[in-house]
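Colleague: As input, take target-v7.txt (compact mmCIF, C-alpha atoms):
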# COMPACT_ATOMS: atom_id res chain seq x y z
CA MET M 1 86.71 119.56 94.49
CA GLN M 2 88.22 116.15 95.25
CA TYR M 3 91.18 115.38 97.46
CA PHE M 4 92.75 112.50 99.37
CA VAL M 5 93.69 112.01 103.01
CA VAL M 6 96.53 109.54 103.54
CA MET M 7 96.98 108.41 107.15
CA ILE M 8 100.47 107.11 107.87
CA ASP M 9 101.19 105.19 111.07
CA TYR M 10 104.65 105.70 112.58
CA GLY M 11 104.06 103.27 115.45
CA ARG M 12 105.16 104.64 118.79
CA ARG M 13 105.93 108.03 117.22
CA GLY M 14 102.28 108.54 116.29
CA ARG M 15 100.35 109.07 113.08
CA GLU M 16 100.32 111.70 110.39
CA ALA M 17 97.49 112.66 108.05
CA ILE M 18 98.70 114.00 104.72
CA VAL M 19 96.09 116.26 103.17
CA ASP M 20 96.91 118.22 100.05
CA PRO M 21 94.08 119.28 97.72
CA GLU M 22 96.49 119.46 94.79
CA ILE M 23 97.60 115.81 94.97
CA THR M 24 95.72 113.63 92.49
CA ARG M 25 94.94 109.94 92.77
CA ARG M 26 97.75 109.20 90.32
CA GLU M 27 100.19 111.14 92.51
CA VAL M 28 99.10 109.20 95.62
CA VAL M 29 99.71 105.92 93.78
CA SER M 30 103.07 107.21 92.55
CA ARG M 31 104.16 108.12 96.07
CA ILE M 32 103.17 104.69 97.38
CA VAL M 33 105.14 102.96 94.62
CA SER M 34 108.19 105.14 95.24
CA GLY M 35 108.11 104.32 98.96
CA GLU M 36 107.44 107.88 100.06
CA TYR M 37 104.21 106.72 101.69
CA GLY M 38 104.65 103.61 103.82
CA ASN M 39 102.76 102.00 106.71
CA ILE M 40 99.48 103.40 105.45
CA SER M 41 96.57 103.09 107.87
CA PHE M 42 93.93 104.29 105.44
CA ILE M 43 93.30 106.51 102.44
CA HIS M 44 90.09 108.46 102.19
CA GLY M 45 88.87 110.12 99.03
CA ILE M 46 86.80 113.22 99.71
CA ALA M 47 84.59 114.71 97.03
CA GLY M 48 82.31 117.50 98.16
CA SER M 49 80.78 116.26 101.40
CA VAL M 50 81.18 112.54 100.61
CA VAL M 51 84.01 110.57 102.23
CA GLU M 52 84.93 107.21 100.72
CA ASP M 53 87.50 104.70 101.96
CA VAL M 54 89.64 104.03 98.86
CA THR M 55 92.52 102.30 100.63
CA ALA M 56 92.11 98.89 98.98
CA ASP M 57 91.63 100.34 95.50
CA ILE M 58 94.66 102.60 95.61
CA LEU M 59 96.92 99.97 97.20
CA ALA M 60 95.84 97.52 94.49
CA GLU M 61 96.84 100.07 91.83
CA ALA M 62 100.20 100.60 93.53
CA VAL M 63 101.21 96.94 93.57
CA ILE M 64 104.58 96.50 91.98
CA PRO M 65 104.69 93.34 89.89
CA GLU M 66 107.20 90.86 91.22
CA ILE M 67 109.67 89.39 88.80
CA GLU M 68 110.22 85.80 89.76
CA ALA M 69 113.78 84.61 89.88
CA ASP M 70 114.04 81.33 88.05
CA GLY M 71 117.21 80.34 89.87
CA THR M 72 119.52 80.65 86.88
CA ASP M 73 123.07 81.47 87.66
CA LEU M 74 124.24 83.61 84.76
CA GLN M 75 127.89 83.45 85.74
CA ALA M 76 127.79 79.64 85.89
CA ASN M 77 126.07 79.55 82.50
CA HIS M 78 128.80 81.78 81.07
CA PHE M 79 131.56 79.52 82.40
CA ASP M 80 129.78 76.44 81.04
CA HIS M 81 129.56 78.08 77.64
CA LEU M 82 133.28 78.92 77.64
CA ARG M 83 134.13 75.34 78.64
CA ASP M 84 131.99 74.01 75.79
CA LEU M 85 133.75 76.32 73.33
CA ARG M 86 137.13 75.02 74.51
CA LYS M 87 136.00 71.45 73.87
CA HIS M 88 135.60 72.25 70.20
CA GLU M 89 138.88 74.09 69.72
CA PRO M 90 141.41 72.42 67.41
CA THR M 91 144.24 70.88 69.39
Would you mind writing the file's structure down as structure tokens?
Modeller:
Amino acid sequence: MQYFVVMIDYGRRGREAIVDPEITRREVVSRIVSGEYGNISFIHGIAGSVVEDVTADILAEAVIPEIEADGTDLQANHFDHLRDLRKHEPT
């Protein structure tokens, strides 16, 4: 049997260890991505009598790719396009 222990730090309010044998690794990653698990102190994977710190691995899996904003102003581009169309209208 394998399960995960997720330790969440609430600061002054204390810490909480979430232990549920039915939660899979994929579910832990999913909960991190969704924001359900935040301020994680550590994540331990327990299989039999072996405890492994898997915090870095799981957090690396849960990284949400950032979409870089290229600074384009779509509304300004739209107005520029309309102005260019008006330039070519028959007068």
Colleague: Quick one: of M:His88, M:His44, M:Arg31, M:His78, who's nearest to Val63 of chain M, counting only C-alpha atoms?
Modeller: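 The answer is M:Arg31, which sits nearest to Val63 of chain M.
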Colleague: Restricting the calculation to all atoms listed in the file, which member of M:Ala60, M:Val33, M:Val6, M:Arg13 is positioned closest to Gly45 of chain M?
Modeller: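 Of the candidates, the smallest distance to Gly45 of chain M is held by M:Val6.
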Colleague: So the first atom is atom CA of Gly48 of chain M and the second is atom CA of Glu16 of chain M; what is the distance between them in Å, to one decimal place?
Modeller: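 We find that atom CA of Gly48 of chain M and atom CA of Glu16 of chain M lie 22.5 Å from each other.
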Colleague: Can you work out the spacing between atom CA of Tyr10 of chain M and atom CA of Ser49 of chain M in Å, to one decimal?
Modeller: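 Answer for the atom CA of Tyr10 of chain M to atom CA of Ser49 of chain M separation: 28.4 Å.
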Colleague: Please return, as a list in words, all polymer residues that have at least one atom within 9 Å of the point (100.3, 105.3, 98.1); use all atoms listed in the file and the file's own coordinate frame.
Modeller: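 Residues satisfying the cut-off, written out: Val6, Arg25, Glu27, Val28, Val29, Ser30, Arg31, Ile32, Val33, Ser34, Gly35, Glu36, Tyr37, Gly38, Ile40, Ile43, Thr55, Ile58, Leu59, Glu61 and Ala62 of chain M.
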Colleague: Restricting the calculation to only C-alpha atoms, which member of M:Thr24, M:Pro90, M:Phe42, M:Leu74 is positioned closest to Ala56 of chain M?
Modeller: M:Phe42
Colleague: Suppose you want the space between atom CA of Ile18 of chain M and atom CA of Val5 of chain M; what is it in Å?
Modeller: 5.7 Å
